[in-house]
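Q: Handing you a structure now.
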Amino acid sequence: MSSTIVARDLPGRGREEARVTDRIADSSTRGVDQTAAGTTADRLAGETEQPYEYRRRELAEPDWTRLPGWRGVTREEWESAQWQRVHCVKNVRQLRAVLDDLVDERFYDDLEADQRERATMSMLLPPQMINTMVPERVPDTESLYADPVRRYMLPVLSDRRADWPSHPYATRDSLHEHDMWVAEGLTHRYPTKVLAELLSTCPQYCGHCTRMDLVGNSTPTVDKLRLTLKPVDRHDAHVEYLQRHPEVRDVVVSGGDVANVPWRQLESYLMRLLNIDTVRDIRLATKALMGLPQHWLQPAVVEGLERVARTAARRGVNLAIHTHVNHANSVTPLVARAAQTALDVGVRDVRNQGVLMRGVNDTAEILLDLCFALQGEANILPYYFYMCDMIPNSEHWRLPVWEARELQHAIMGYLPGYATPRIVCDVPFVGKRWVHMVAEYDRERGISYWTKNYRTGLEHDDPDALSRQYAYHDPIHTLPEKGQQWWRDQHPQDKRATAAAESSLRIAEAEAVGTGGC
Ligand code: SF4
């Protein structure tokens, strides 16, 4: 049996197909995996040009004086980390002061409604990030609505799905990092690696943040967890754990964002890690390298980073920075300068871990433009793209696994092999899996099944941990109607989905009556 999924309602499809025709097996049982490669091949059949044309694009800092609130801001002010932090936008009133009447009331109302009803993150945007929205012209309402950076940093209610805003299996801590804490803020999930969350704040808050459970201020819909220990006690607990566990050789130092840890405190923590012989890799996680590059260009930070990098080099430890860039528009000369400065003072590598999101970077062209900007112009290695995690109210951003596999296929072969990012799914209770590693895939219900080859911190006594399969779920609105109906039957309590389905049925019937004579 064959069915057609119409993608016309999905924002940001751009020049990608408006219609994806795909064969769906006439079975609702597990193990139904229709490979996506056929659809890519079908799409390209008959075309004689290369699907992607590489053109080198020089980086440019968008002109911030095009925005009414920053008409008089000097370069010196713009490049000051302190000025950027003081002028962060935290609410609609402050956004109005920047954009004034370039944007009409509809947008501000939409934003306020989202903050009130759906947002899992509070608003926090450094001027640097706002300036990369609609970068080449004076924004207006429509261009701001359509902007890819706006779509994930400044979400509005009308962006979200009305039918299934959340997947029924979405959870606040979708990766169960908190469950795997071995000390406050220290997640031991993989056998040889830990994630150290030093604090719960960032210089910018991303709408899709996977750590929405802990990071940022509480919102009307999400009461955040709180770190309770004093930083010094938390750091002591981390160091003690690492000293007792020589099998852990790799520490991702994160948060939040390490750019919000006072430098002296961060340097002291890093030097303590470097004193543990068994720690061989340290990765600093900071989206601020892109969102607030001014931070990483401050003399005190650069000098401190150099001391840490020198110590790491002397002890043979790989010190790297991991950042989080999702669109080429965010890669500006200041971002490139911050990355190059880190490399110049001895950081071994600066790598990007982006997140794949509908309307932001869901085409091969956008992903490749971003990768070439990172790799070719900013010396940042395109490393991973994560599928967006199953947190509440994220369905409008998420892509199904089959589409991620198509995108992986479509971006192969253009970049150097070592700089071709892997698209990965962070499967709950498993960890990162390359999207082609699915063990089984029920396309009708959108359930993929994955296996793993190590025990997480939760499974030391579980004999079945390595033979079990673990599920990940595609967004329900991307499923064929039969699959969507199955989910509505399973979750009749989700009144919104049922009501939305009934309402679209009524509209479809009305349209059928109206167009019946044509
Ligand atoms: S920078 Fe990272 S931790 Fe902070 S809000 Fe964004 S995604 Fe979350």
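Every chain in the structure tokens has a letter given in the order shown (A, B, ...), and although residue numbers restart at 1 in each chain, ligands are simply numbered from 1 in the order shown.
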What's around Leu458 of chain A at 12 Å? Count only C-alpha atoms, leave out sequence neighbours fewer than 5 positions away in its own chain, and write the answer as a PyMOL selection string.

A: chain A and resi 176-182+187-191+429-430+463+465

Q: Report the residues of segment 223-430 of chain A whose backbone DSSP state falls under helix (DSSP H, G or I), written as a ChimeraX atom specification.

A: /A:231-244,258-260,263-274,288-291,293-296,299-314,328-330,333-344,364-377,401-411,417-419

Q: List as a PyMOL selection string the protein and nucleic acid residues near Arg358 of chain A, meaning an atom at most 7 Å away when only C-alpha atoms are counted, but skip any in the same chain fewer than 4 places from it.

A: chain A and resi 12+362+396-399

Q: Go ahead and save the residues from that selection, with N, CA and C atoms, as a PDB file, in the first residue's frame.

A:
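Output (again.pdb):
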ATOM      1  N   GLY A  12       9.405  26.353   6.832  1.00  0.00           N
ATOM      2  CA  GLY A  12      10.817  26.252   6.546  1.00  0.00           C
ATOM      3  C   GLY A  12      11.200  25.153   5.590  1.00  0.00           C
ATOM      4  N   ASP A 362      16.765  22.499   8.226  1.00  0.00           N
ATOM      5  CA  ASP A 362      16.264  21.187   7.829  1.00  0.00           C
ATOM      6  C   ASP A 362      16.422  20.898   6.347  1.00  0.00           C
ATOM      7  N   HIS A 396       7.194  20.953  17.020  1.00  0.00           N
ATOM      8  CA  HIS A 396       7.302  21.716  15.774  1.00  0.00           C
ATOM      9  C   HIS A 396       8.751  21.814  15.301  1.00  0.00           C
ATOM     10  N   TRP A 397       9.715  21.569  16.205  1.00  0.00           N
ATOM     11  CA  TRP A 397      11.120  21.616  15.800  1.00  0.00           C
ATOM     12  C   TRP A 397      11.626  20.247  15.334  1.00  0.00           C
ATOM     13  N   ARG A 398      11.016  19.173  15.846  1.00  0.00           N
ATOM     14  CA  ARG A 398      11.630  17.862  15.662  1.00  0.00           C
ATOM     15  C   ARG A 398      11.405  17.295  14.266  1.00  0.00           C
ATOM     16  N   LEU A 399      12.397  16.541  13.810  1.00  0.00           N
ATOM     17  CA  LEU A 399      12.313  15.837  12.535  1.00  0.00           C
ATOM     18  C   LEU A 399      12.230  14.334  12.821  1.00  0.00           C
TER      19      LEU A 399
END

Q: Which protein, DNA or RNA residues have an atom within 7 Å of ligand 1, counting only C-alpha atoms and all ligand atoms, as a list of chain:residue names?

A: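 With only C-alpha atoms and all ligand atoms and a cut-off of 7 Å, ligand 1 is contacted by A:Thr201, A:Cys202, A:Gln204, A:Tyr205, A:Cys206, A:His208, A:Cys209, A:Thr210, A:Arg211, A:Met212, A:Val215, A:Gly216, A:Gly255, A:Gly256, A:Asp257, A:Thr286, A:Lys287.
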
Q: Rank nothing, just name the residue among A:Thr278, A:Asn131, A:Gln94, A:Thr120 nearest to Leu67 of chain A, using only C-alpha atoms.

A: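 Among the listed residues, the smallest separation from Leu67 of chain A belongs to A:Asn131.
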
Q: With distances taken over only C-alpha atoms, which residue among A:Thr311, A:Thr341, A:Gln115, A:Gln353 lies nearest Cys388 of chain A?

A: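 For Cys388 of chain A, the nearest of the given residues is A:Gln353.
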
Q: So the first atom is atom CA of Gly483 of chain A and the second is atom CA of Leu356 of chain A; what is the distance between them in Å, to one decimal place?

A: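 These atoms are spaced 23.4 Å apart.
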
Q: Kindly give the distance, in Å, that separates atom CA of Asn352 of chain A and atom CA of Ala285 of chain A, rounded to a single decimal.

A: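 Computing the Euclidean distance for atom CA of Asn352 of chain A and atom CA of Ala285 of chain A yields 9.7 Å.
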
Q: Taking into account only C-alpha atoms, which residue in the set A:Leu154, A:Val89, A:Ala113, A:Val239 is nearest to Val194 of chain A?

A: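 Nearest candidate to Val194 of chain A out of A:Leu154, A:Val89, A:Ala113, A:Val239: A:Val239.
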
Q: In terms of the shortest atom-to-atom distance over only C-alpha atoms, which of A:Asp63, A:Pro203, A:Ser174, A:Glu112 is closest to Pro139 of chain A?

A: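 Between A:Asp63, A:Pro203, A:Ser174, A:Glu112, the residue approaching Pro139 of chain A most closely is A:Asp63.
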
Q: Just the strand (DSSP E or B) stuff from segment 141-325 of chain A, please, per backbone DSSP, written as a PyMOL selection string.

A: chain A and resi 181-183+186-187+193-197+250-254+281-285+318-323

Q: Create the file for the chosen residues now, containing N, CA and C atoms and written as a tab-separated table (two decimals), in the first residue's frame.

A:
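The result, written out as selection27.tsv:
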chain	number	residue	atom	x	y	z
A	181	TRP	N	23.10	11.21	37.80
A	181	TRP	CA	24.05	11.99	38.60
A	181	TRP	C	24.75	11.08	39.62
A	182	VAL	N	26.06	11.19	39.64
A	182	VAL	CA	26.82	10.47	40.67
A	182	VAL	C	27.27	11.46	41.75
A	183	ALA	N	27.16	12.71	41.46
A	183	ALA	CA	27.35	13.80	42.42
A	183	ALA	C	26.53	14.93	41.84
A	186	LEU	N	26.95	15.97	38.12
A	186	LEU	CA	27.92	15.11	37.42
A	186	LEU	C	27.21	13.86	36.90
A	187	THR	N	26.99	13.83	35.57
A	187	THR	CA	26.27	12.71	34.96
A	187	THR	C	27.26	11.69	34.42
A	193	LYS	N	33.26	8.47	30.10
A	193	LYS	CA	33.06	9.92	30.00
A	193	LYS	C	32.07	10.39	31.05
A	194	VAL	N	32.22	11.62	31.48
A	194	VAL	CA	31.21	12.25	32.34
A	194	VAL	C	30.88	13.64	31.81
A	195	LEU	N	29.70	14.09	32.20
A	195	LEU	CA	29.27	15.44	31.90
A	195	LEU	C	29.22	16.19	33.22
A	196	ALA	N	29.94	17.30	33.30
A	196	ALA	CA	29.96	18.08	34.55
A	196	ALA	C	29.17	19.37	34.32
A	197	GLU	N	28.04	19.48	34.98
A	197	GLU	CA	27.25	20.72	34.89
A	197	GLU	C	27.66	21.61	36.06
A	250	ASP	N	37.44	11.27	30.28
A	250	ASP	CA	36.98	12.36	29.42
A	250	ASP	C	35.90	13.16	30.17
A	251	VAL	N	36.12	14.46	30.32
A	251	VAL	CA	35.16	15.28	31.07
A	251	VAL	C	34.64	16.40	30.18
A	252	VAL	N	33.34	16.40	29.97
A	252	VAL	CA	32.70	17.52	29.26
A	252	VAL	C	32.29	18.53	30.34
A	253	VAL	N	32.90	19.68	30.31
A	253	VAL	CA	32.63	20.70	31.35
A	253	VAL	C	31.58	21.64	30.77
A	254	SER	N	30.40	21.62	31.39
A	254	SER	CA	29.27	22.29	30.75
A	254	SER	C	28.44	23.01	31.80
A	281	ASP	N	40.95	13.88	28.35
A	281	ASP	CA	40.24	14.80	27.44
A	281	ASP	C	39.39	15.74	28.28
A	282	ILE	N	39.45	17.02	27.95
A	282	ILE	CA	38.54	18.00	28.60
A	282	ILE	C	37.91	18.82	27.50
A	283	ARG	N	36.61	18.89	27.54
A	283	ARG	CA	35.90	19.67	26.52
A	283	ARG	C	35.05	20.73	27.21
A	284	LEU	N	35.21	21.96	26.81
A	284	LEU	CA	34.45	23.06	27.40
A	284	LEU	C	33.24	23.35	26.51
A	285	ALA	N	32.05	23.28	27.08
A	285	ALA	CA	30.84	23.50	26.29
A	285	ALA	C	30.38	24.94	26.44
A	318	ASN	N	44.01	16.53	25.93
A	318	ASN	CA	43.35	17.23	24.82
A	318	ASN	C	42.33	18.21	25.37
A	319	LEU	N	42.58	19.48	25.14
A	319	LEU	CA	41.63	20.50	25.60
A	319	LEU	C	40.92	21.06	24.36
A	320	ALA	N	39.59	20.98	24.37
A	320	ALA	CA	38.83	21.46	23.20
A	320	ALA	C	37.66	22.31	23.68
A	321	ILE	N	37.15	23.11	22.76
A	321	ILE	CA	35.92	23.87	23.01
A	321	ILE	C	34.83	23.31	22.11
A	322	HIS	N	33.68	23.07	22.69
A	322	HIS	CA	32.52	22.65	21.89
A	322	HIS	C	31.49	23.76	21.93
A	323	THR	N	31.08	24.19	20.73
A	323	THR	CA	30.07	25.23	20.69
A	323	THR	C	28.81	24.71	20.00

Q: Which one is closest to Pro127 of chain A: A:Ala170, A:Val73, A:Ile380, A:Leu368? Count only C-alpha atoms.

A: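 Comparing A:Ala170, A:Val73, A:Ile380, A:Leu368 against Pro127 of chain A, the winner is A:Val73.
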
Q: Give me the residues within 8 Å of Gln84 of chain A as a list in words, counting only C-alpha atoms and dropping any in the same chain fewer than 5 places off.

A: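 These residues fall inside the cut-off: Glu77, Trp78, Glu79, Pro126, Pro127, Gln128, Leu292 and Gln294 of chain A.
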
Q: With N, CA and C atoms kept, could you save the residues just selected as a short mmCIF file (atom, residue, chain, number, x, y, z; two decimals), in the first residue's frame?

A:
data_model
loop_
_atom_site.label_atom_id
_atom_site.label_comp_id
_atom_site.auth_asym_id
_atom_site.auth_seq_id
_atom_site.Cartn_x
_atom_site.Cartn_y
_atom_site.Cartn_z
N GLU A 77 31.62 49.73 21.97
CA GLU A 77 30.57 49.20 22.85
C GLU A 77 30.17 47.80 22.39
N TRP A 78 29.95 47.66 21.08
CA TRP A 78 29.47 46.37 20.55
C TRP A 78 30.44 45.24 20.89
N GLU A 79 31.72 45.55 20.85
CA GLU A 79 32.72 44.50 21.07
C GLU A 79 33.04 44.30 22.55
N PRO A 126 21.60 37.90 23.95
CA PRO A 126 22.59 38.97 23.81
C PRO A 126 22.35 39.71 22.50
N PRO A 127 22.67 41.00 22.46
CA PRO A 127 22.52 41.76 21.20
C PRO A 127 23.18 41.04 20.01
N GLN A 128 24.35 40.43 20.26
CA GLN A 128 25.04 39.72 19.18
C GLN A 128 24.11 38.72 18.47
N LEU A 292 27.90 35.04 22.32
CA LEU A 292 28.55 36.17 23.00
C LEU A 292 30.07 36.03 22.81
N GLN A 294 32.21 38.03 22.37
CA GLN A 294 32.94 39.06 23.11
C GLN A 294 33.47 38.51 24.43
#

Q: Given the choices A:Arg172, A:Arg56, A:His295, A:Arg307, which gets closest to Thr221 of chain A if the distance is worked out from only C-alpha atoms?

A: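 Ranking A:Arg172, A:Arg56, A:His295, A:Arg307 by distance to Thr221 of chain A, first place goes to A:Arg172.
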
Q: Distance atom CA of Val360 of chain A-atom CA of Phe372 of chain A, one decimal place?

A: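 Atom-to-atom, atom CA of Val360 of chain A and atom CA of Phe372 of chain A are spaced 16.5 Å apart.
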
Q: Near Val424 of chain A, within 8 Å and counting only C-alpha atoms, which residues show up once chain neighbours fewer than 6 positions away are dropped, as a ChimeraX atom specification?

A: /A:384-387,432-435

Q: Just write the chosen residues, C-alpha atoms, as an mmCIF file, in the first residue's frame.

A:
data_model
loop_
_atom_site.group_PDB
_atom_site.id
_atom_site.type_symbol
_atom_site.label_atom_id
_atom_site.label_comp_id
_atom_site.auth_asym_id
_atom_site.auth_seq_id
_atom_site.Cartn_x
_atom_site.Cartn_y
_atom_site.Cartn_z
ATOM 1 C CA TYR A 384 27.717 16.635 15.167
ATOM 2 C CA PHE A 385 24.149 17.554 14.488
ATOM 3 C CA TYR A 386 21.861 16.203 17.175
ATOM 4 C CA MET A 387 18.251 15.429 16.526
ATOM 5 C CA LYS A 432 24.317 9.144 20.908
ATOM 6 C CA ARG A 433 23.628 6.816 17.987
ATOM 7 C CA TRP A 434 24.353 7.671 14.381
ATOM 8 C CA VAL A 435 20.989 7.915 12.609
#

Q: Quick one: residues within 12 Å of Gln265 of chain A, only C-alpha atoms counted, chain neighbours fewer than 3 positions away excluded, as a PyMOL selection string?

A: chain A and resi 198-199+231-232+234-235+258-262+268-272+301+304

Q: Take the selection from the previous step and output its residues with N, CA and C atoms, as a tab-separated table (two decimals), in the first residue's frame.

A:
chain	number	residue	atom	x	y	z
A	198	LEU	N	28.41	22.65	35.72
A	198	LEU	CA	28.96	23.51	36.78
A	198	LEU	C	27.96	24.53	37.29
A	199	LEU	N	27.01	24.86	36.45
A	199	LEU	CA	26.01	25.86	36.87
A	199	LEU	C	24.79	25.71	35.98
A	231	PRO	N	29.06	26.19	44.85
A	231	PRO	CA	29.94	25.76	43.76
A	231	PRO	C	31.18	25.02	44.26
A	232	VAL	N	31.79	25.52	45.33
A	232	VAL	CA	33.03	24.90	45.79
A	232	VAL	C	32.78	23.46	46.25
A	234	ARG	N	30.31	21.53	45.17
A	234	ARG	CA	29.99	20.75	43.98
A	234	ARG	C	31.28	20.35	43.26
A	235	HIS	N	32.20	21.30	43.14
A	235	HIS	CA	33.45	21.01	42.45
A	235	HIS	C	34.24	19.94	43.21
A	258	VAL	N	29.73	27.34	30.17
A	258	VAL	CA	30.86	27.69	31.04
A	258	VAL	C	31.21	29.18	30.96
A	259	ALA	N	30.69	29.88	29.95
A	259	ALA	CA	30.96	31.32	29.88
A	259	ALA	C	30.33	32.08	31.05
A	260	ASN	N	29.41	31.43	31.77
A	260	ASN	CA	28.81	32.10	32.93
A	260	ASN	C	29.50	31.74	34.25
A	261	VAL	N	30.49	30.87	34.18
A	261	VAL	CA	31.24	30.58	35.41
A	261	VAL	C	32.31	31.67	35.54
A	262	PRO	N	32.37	32.34	36.69
A	262	PRO	CA	33.43	33.35	36.85
A	262	PRO	C	34.78	32.72	36.49
A	268	SER	N	40.22	27.37	38.16
A	268	SER	CA	40.61	26.52	39.29
A	268	SER	C	40.05	25.11	39.11
A	269	TYR	N	38.80	25.00	38.64
A	269	TYR	CA	38.19	23.68	38.41
A	269	TYR	C	38.98	22.92	37.34
A	270	LEU	N	39.32	23.63	36.26
A	270	LEU	CA	40.03	22.96	35.16
A	270	LEU	C	41.42	22.51	35.60
A	271	MET	N	42.09	23.34	36.39
A	271	MET	CA	43.43	22.96	36.87
A	271	MET	C	43.34	21.74	37.80
A	272	ARG	N	42.26	21.66	38.56
A	272	ARG	CA	42.09	20.48	39.41
A	272	ARG	C	41.87	19.23	38.55
A	301	VAL	N	40.09	36.54	30.08
A	301	VAL	CA	39.66	35.18	29.73
A	301	VAL	C	40.69	34.54	28.79
A	304	GLY	N	43.73	33.57	30.77
A	304	GLY	CA	43.44	32.40	31.61
A	304	GLY	C	43.35	31.13	30.77
